[in-house]
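Since the structure comes first, as C-alpha cells, the remarks are kept for the end.
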Amino acid sequence: MDLISLAWKNLWRNRRRTLITLSALGLSLFLLQTFHNLSFGVYAQMVDSGVRAGSGHIALYRGDYAQSRDEELSFAEAGLSAAIAREPGVRAALPRVYLPGLAQSSRESRGILLMGIDPVAEAEVNPFWKNLPEEERITDPEGREALVGSRLLKELKLEIGNKFVVTVQHRDGELTGELLRVRGVLRTGLKEIDGSMVMVGRLRAAAMAGIPGEIHELAVILERAGDQSRLLPKLAMLTEEHPRVRALPWEVAMPNLSDAIRLDYASQKFIFAVILLIVTIGVVNTLLMAVMERIREFGVLLAIGTTPGRLRLMIWHEALLLGLLAMALGTLLGSAATWYLTARGLDLRALMPAGLEFGGVVFDPVLRAAWDVGWMLEMGLYVIGLCLLASIYPAIKAARIPPAEAMRHR
C-alpha cells in the first residue's frame, strides 16, 4: 500500500507530462474501441441485410449447387421449410427456385434470372420488399404476376401493368414460355439485380421448369446470428431423408460477402496495429524520460537504503496506475461513443440516400455500432500491459545506477 501511495504521488509530481501521456493513451483506447464497435455493428448490419435478401444464415442445397448454380440440382421441398420454421430460433425458412431465362417485351429482349419465391414469407424478412408498396407486391405463389428489376423494366420499355414473356428451359430440355404481368418494381440499388431479376411465385416458376414441388435453395433466417452453430447440426438431421441435401453456413453460401468482410476487417486490424505501435513508442519514450529526469532522486533513495528491487517496484506501480487510469478514461469515452452510435447511429443518408453497397449487399446508410465487450476489455488490459512492459527498461536502468554517480547527476 505504501508503494501504491508513493507511486500515485510521484505520478502527479509532473502533472503536465502525466496528463499528456494519460490523454494519449486514453484517446487512443477510445478510438480503438469506438471504431471497432462501429465496424462490429456495421458488419452485423451487412450480414443481416445480406442473409435476408440472399441465402440466409443457413442455406440448404443439393450437391454443389452453391458453387455450380446448376438448375438440374433441385430437390423436393416436401414440407421441409415448414418443419425447419418450427425449430426454436428460426425466424423464417424461404424456399426458392432460380432459373436463367429470357424476358421479351414487344420492343426488347434481355437475359434474366427468374426467381420463384414464397411471397408471404419473403415479404416478412426480405429487405428488398421494405420499400415496395402493398399494391405492387405479388401474393399468389401460382400467379402470373411478377416483380421486375427497375433497370430491366426500363430496358424492356415496360410499365407496371404491362405484359411480357419469359422463356426458360424445361427439365426435359425443351424451351417453355409464360406470359407474365408486371405487378411491381424492384429497386435494390444493386446494378446486377436491378438489371436482371424477375420474381414470381415459387409454384409458377417450378411449373415452368417442369420441377413441381422442387426448389433450388432453402434459405433459413435465424432470430439471432449466434445460433448458427447450434442449429446447423439440427438442420442436417432434418435433411437426412433428402439425398445429397446439405446445410451450409452463410459464409460458404455467400463467399463474396464473407470475403469482403474479411478483407475489410484485415485492413482495419493493420490500422489498429499502427495506432498501437505509435502509442507504444510514445509510452516508452515518456516513461524513459520520466526516469532520466529523476536520476538524482533515485540516487538519494538508493543511498539511504532503498533496494534496487523496491525501486523497480515503485516505477512499475507508477506504470500500473497510469495504465489503469488510461483504461478507465478510454473505456468511459469509448462506452459513451458506442452507446450513442448504437442508439442514434452515424447517419450518411445525406451523402448516400440510396443506401450503401458492400460485398454485393445494400444496407442501411445509418451505421450503428454494436457492443463487443470482450474486445473492449482486451484492449483495456492491453493498455495496462503496455504500460508495464514499457516501464521494464526504465525501471531496470534506474535500479542499476550507482548511487554516487546518480547523486552527482544534474
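Ordering of the C-alpha cells sets the chain letters (A, B, ...); residue numbers start at 1 within each chain; ligands are numbered from 1 in the order shown.
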
6 Å contact set for Ser150 (chain A), only C-alpha atoms, chain neighbours under 4 positions out, as a ChimeraX atom specification: /A:185-187,194

Just the residues within 12 Å of region 9-22 of chain A, please, counting only C-alpha atoms, with nothing from its chain fewer than 2 positions along; format it as a CSV table (one decimal) with N, CA, C and O atoms, in the first residue's frame.
```csv
chain,number,residue,atom,x,y,z
A,2,ASP,N,2.0,1.2,0.7
A,2,ASP,CA,2.9,2.4,0.8
A,2,ASP,C,3.5,2.6,-0.6
A,2,ASP,O,3.6,3.8,-1.0
A,3,LEU,N,3.8,1.6,-1.4
A,3,LEU,CA,4.3,1.7,-2.7
A,3,LEU,C,3.3,2.4,-3.6
A,3,LEU,O,3.6,3.2,-4.5
A,4,ILE,N,2.0,1.9,-3.5
A,4,ILE,CA,1.0,2.5,-4.3
A,4,ILE,C,0.8,4.0,-4.1
A,4,ILE,O,0.6,4.8,-5.0
A,5,SER,N,0.8,4.3,-2.8
A,5,SER,CA,0.6,5.7,-2.4
A,5,SER,C,1.7,6.6,-2.9
A,5,SER,O,1.5,7.7,-3.4
A,6,LEU,N,3.0,6.0,-2.7
A,6,LEU,CA,4.1,6.8,-3.2
A,6,LEU,C,4.1,6.9,-4.7
A,6,LEU,O,4.4,8.0,-5.3
A,7,ALA,N,3.7,5.8,-5.4
A,7,ALA,CA,3.7,5.8,-6.9
A,7,ALA,C,2.6,6.9,-7.4
A,7,ALA,O,2.9,7.6,-8.3
A,24,ALA,N,-3.0,10.8,-24.3
A,24,ALA,CA,-2.7,10.0,-25.5
A,24,ALA,C,-3.1,8.5,-25.4
A,24,ALA,O,-3.7,8.0,-26.3
A,25,LEU,N,-2.9,7.9,-24.2
A,25,LEU,CA,-3.3,6.6,-24.0
A,25,LEU,C,-4.9,6.4,-24.0
A,25,LEU,O,-5.4,5.6,-24.7
A,26,GLY,N,-5.5,7.3,-23.3
A,26,GLY,CA,-7.0,7.3,-23.2
A,26,GLY,C,-7.7,7.5,-24.5
A,26,GLY,O,-8.6,6.8,-24.9
A,27,LEU,N,-7.2,8.5,-25.3
A,27,LEU,CA,-7.8,8.8,-26.6
A,27,LEU,C,-7.5,7.7,-27.6
A,27,LEU,O,-8.4,7.4,-28.4
A,28,SER,N,-6.4,7.1,-27.5
A,28,SER,CA,-6.1,6.0,-28.4
A,28,SER,C,-7.0,4.8,-28.1
A,28,SER,O,-7.5,4.2,-29.1
A,29,LEU,N,-7.2,4.5,-26.9
A,29,LEU,CA,-8.1,3.4,-26.5
A,29,LEU,C,-9.5,3.7,-26.9
A,29,LEU,O,-10.2,2.9,-27.4
A,30,PHE,N,-9.9,5.0,-26.7
A,30,PHE,CA,-11.2,5.4,-27.1
A,30,PHE,C,-11.5,5.2,-28.6
A,30,PHE,O,-12.5,4.7,-29.0
A,279,VAL,N,1.4,4.4,-30.2
A,279,VAL,CA,1.2,4.6,-28.7
A,279,VAL,C,2.3,4.0,-27.9
A,279,VAL,O,2.8,4.6,-26.9
A,280,THR,N,2.7,2.8,-28.3
A,280,THR,CA,3.7,2.1,-27.6
A,280,THR,C,5.0,2.9,-27.5
A,280,THR,O,5.7,3.0,-26.5
A,281,ILE,N,5.4,3.4,-28.7
A,281,ILE,CA,6.7,4.2,-28.7
A,281,ILE,C,6.5,5.4,-27.9
A,281,ILE,O,7.5,5.8,-27.1
A,282,GLY,N,5.4,6.1,-27.9
A,282,GLY,CA,5.1,7.3,-27.0
A,282,GLY,C,5.2,6.9,-25.6
A,282,GLY,O,5.8,7.7,-24.8
A,283,VAL,N,4.6,5.8,-25.1
A,283,VAL,CA,4.7,5.4,-23.7
A,283,VAL,C,6.1,5.1,-23.3
A,283,VAL,O,6.5,5.6,-22.2
A,284,VAL,N,6.8,4.3,-24.1
A,284,VAL,CA,8.2,4.0,-23.7
A,284,VAL,C,9.0,5.3,-23.6
A,284,VAL,O,9.8,5.5,-22.6
A,285,ASN,N,8.9,6.2,-24.5
A,285,ASN,CA,9.6,7.4,-24.5
A,285,ASN,C,9.3,8.3,-23.3
A,285,ASN,O,10.2,8.8,-22.6
A,286,THR,N,8.0,8.4,-23.0
A,286,THR,CA,7.6,9.2,-21.8
A,286,THR,C,8.1,8.6,-20.5
A,286,THR,O,8.6,9.3,-19.6
A,287,LEU,N,8.0,7.3,-20.3
A,287,LEU,CA,8.4,6.7,-19.1
A,287,LEU,C,10.0,6.7,-19.0
A,287,LEU,O,10.5,6.9,-17.9
A,289,MET,N,11.9,9.1,-20.2
A,289,MET,CA,12.2,10.5,-19.9
A,289,MET,C,11.9,10.8,-18.4
A,289,MET,O,12.6,11.5,-17.7
A,290,ALA,N,10.8,10.2,-17.9
A,290,ALA,CA,10.4,10.4,-16.5
A,290,ALA,C,11.5,9.8,-15.6
A,290,ALA,O,11.8,10.4,-14.5
A,291,VAL,N,12.1,8.7,-16.0
A,291,VAL,CA,13.2,8.1,-15.2
A,291,VAL,C,14.5,9.0,-15.3
A,291,VAL,O,15.1,9.3,-14.3
A,293,GLU,N,14.8,12.1,-15.8
A,293,GLU,CA,14.6,13.4,-15.0
A,293,GLU,C,14.8,13.2,-13.5
A,293,GLU,O,15.0,14.1,-12.8
A,294,ARG,N,14.7,11.9,-13.1
A,294,ARG,CA,14.7,11.7,-11.6
A,294,ARG,C,15.9,10.9,-11.2
A,294,ARG,O,15.9,10.2,-10.2
A,297,GLU,N,17.2,11.9,-7.8
A,297,GLU,CA,16.3,11.4,-6.7
A,297,GLU,C,16.5,9.9,-6.5
A,297,GLU,O,16.5,9.5,-5.3
A,314,MET,N,8.5,0.4,-7.4
A,314,MET,CA,7.9,1.7,-7.4
A,314,MET,C,7.6,2.2,-8.8
A,314,MET,O,6.5,2.8,-9.0
A,315,ILE,N,8.6,2.1,-9.7
A,315,ILE,CA,8.4,2.5,-11.1
A,315,ILE,C,7.3,1.7,-11.7
A,315,ILE,O,6.4,2.2,-12.5
A,316,TRP,N,7.3,0.4,-11.5
A,316,TRP,CA,6.2,-0.4,-12.1
A,316,TRP,C,4.8,-0.1,-11.6
A,316,TRP,O,3.9,-0.2,-12.3
A,317,HIS,N,4.8,0.3,-10.3
A,317,HIS,CA,3.5,0.7,-9.7
A,317,HIS,C,3.0,2.0,-10.4
A,317,HIS,O,1.8,2.2,-10.6
A,318,GLU,N,4.0,2.9,-10.7
A,318,GLU,CA,3.6,4.1,-11.4
A,318,GLU,C,3.0,3.8,-12.7
A,318,GLU,O,2.0,4.4,-13.2
A,319,ALA,N,3.7,2.8,-13.5
A,319,ALA,CA,3.2,2.5,-14.8
A,319,ALA,C,1.8,1.8,-14.7
A,319,ALA,O,0.9,2.0,-15.5
A,320,LEU,N,1.6,0.9,-13.6
A,320,LEU,CA,0.4,0.3,-13.5
A,320,LEU,C,-0.8,1.3,-13.2
A,320,LEU,O,-1.8,1.1,-13.8
A,321,LEU,N,-0.5,2.2,-12.4
A,321,LEU,CA,-1.5,3.3,-12.1
A,321,LEU,C,-1.9,4.1,-13.4
A,321,LEU,O,-3.0,4.4,-13.6
A,322,LEU,N,-0.8,4.4,-14.1
A,322,LEU,CA,-1.0,5.1,-15.4
A,322,LEU,C,-1.9,4.3,-16.3
A,322,LEU,O,-2.8,4.8,-17.0
A,323,GLY,N,-1.6,3.0,-16.4
A,323,GLY,CA,-2.4,2.1,-17.3
A,323,GLY,C,-3.8,2.0,-16.8
A,323,GLY,O,-4.7,2.0,-17.7
A,324,LEU,N,-4.0,1.9,-15.5
A,324,LEU,CA,-5.4,1.8,-15.0
A,324,LEU,C,-6.2,3.0,-15.3
A,324,LEU,O,-7.4,3.0,-15.7
A,325,LEU,N,-5.6,4.2,-15.1
A,325,LEU,CA,-6.2,5.5,-15.4
A,325,LEU,C,-6.6,5.6,-16.9
A,325,LEU,O,-7.7,6.0,-17.2
A,326,ALA,N,-5.6,5.2,-17.7
A,326,ALA,CA,-5.8,5.3,-19.2
A,326,ALA,C,-6.9,4.3,-19.6
A,326,ALA,O,-7.8,4.7,-20.4
A,327,MET,N,-7.0,3.1,-19.0
A,327,MET,CA,-8.0,2.2,-19.3
A,327,MET,C,-9.4,2.7,-18.9
A,327,MET,O,-10.4,2.6,-19.6
A,328,ALA,N,-9.5,3.3,-17.7
A,328,ALA,CA,-10.7,3.9,-17.2
A,328,ALA,C,-11.2,5.0,-18.1
A,328,ALA,O,-12.4,5.1,-18.5
A,329,LEU,N,-10.3,5.9,-18.4
A,329,LEU,CA,-10.6,7.1,-19.3
A,329,LEU,C,-11.1,6.6,-20.7
A,329,LEU,O,-12.1,7.0,-21.2
A,330,GLY,N,-10.2,5.8,-21.3
A,330,GLY,CA,-10.5,5.3,-22.7
A,330,GLY,C,-11.8,4.5,-22.8
A,330,GLY,O,-12.6,4.7,-23.7
A,383,VAL,N,-3.6,-2.0,-22.8
A,383,VAL,CA,-3.0,-0.7,-22.4
A,383,VAL,C,-2.3,-0.8,-21.1
A,383,VAL,O,-1.2,-0.3,-20.9
A,384,ILE,N,-2.9,-1.6,-20.1
A,384,ILE,CA,-2.2,-1.8,-18.8
A,384,ILE,C,-0.9,-2.6,-19.0
A,384,ILE,O,0.1,-2.2,-18.5
A,387,CYS,N,1.8,-0.4,-20.6
A,387,CYS,CA,2.4,0.5,-19.7
A,387,CYS,C,3.5,-0.3,-18.8
A,387,CYS,O,4.6,0.2,-18.6
```

Counting only C-alpha atoms, the option among A:Ala76, A:Met379, A:Ala93, A:Val366 closest to Glu223 (chain A): A:Ala93

For a quick check of understanding, using only C-alpha atoms, which of A:Leu158, A:Leu99, A:Ile193, A:Ile295 has the smallest distance to Thr176 (chain A)?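 Between A:Leu158, A:Leu99, A:Ile193, A:Ile295, the residue approaching Thr176 (chain A) most closely is A:Leu99.
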
Which residues in region 4-238 of chain A does DSSP call strand (DSSP E or B)? List them as a PyMOL selection string. chain A and resi 58-62+75-76+90-104+109-117+145-149+163-169+175-186+197-201+214-215+217-222
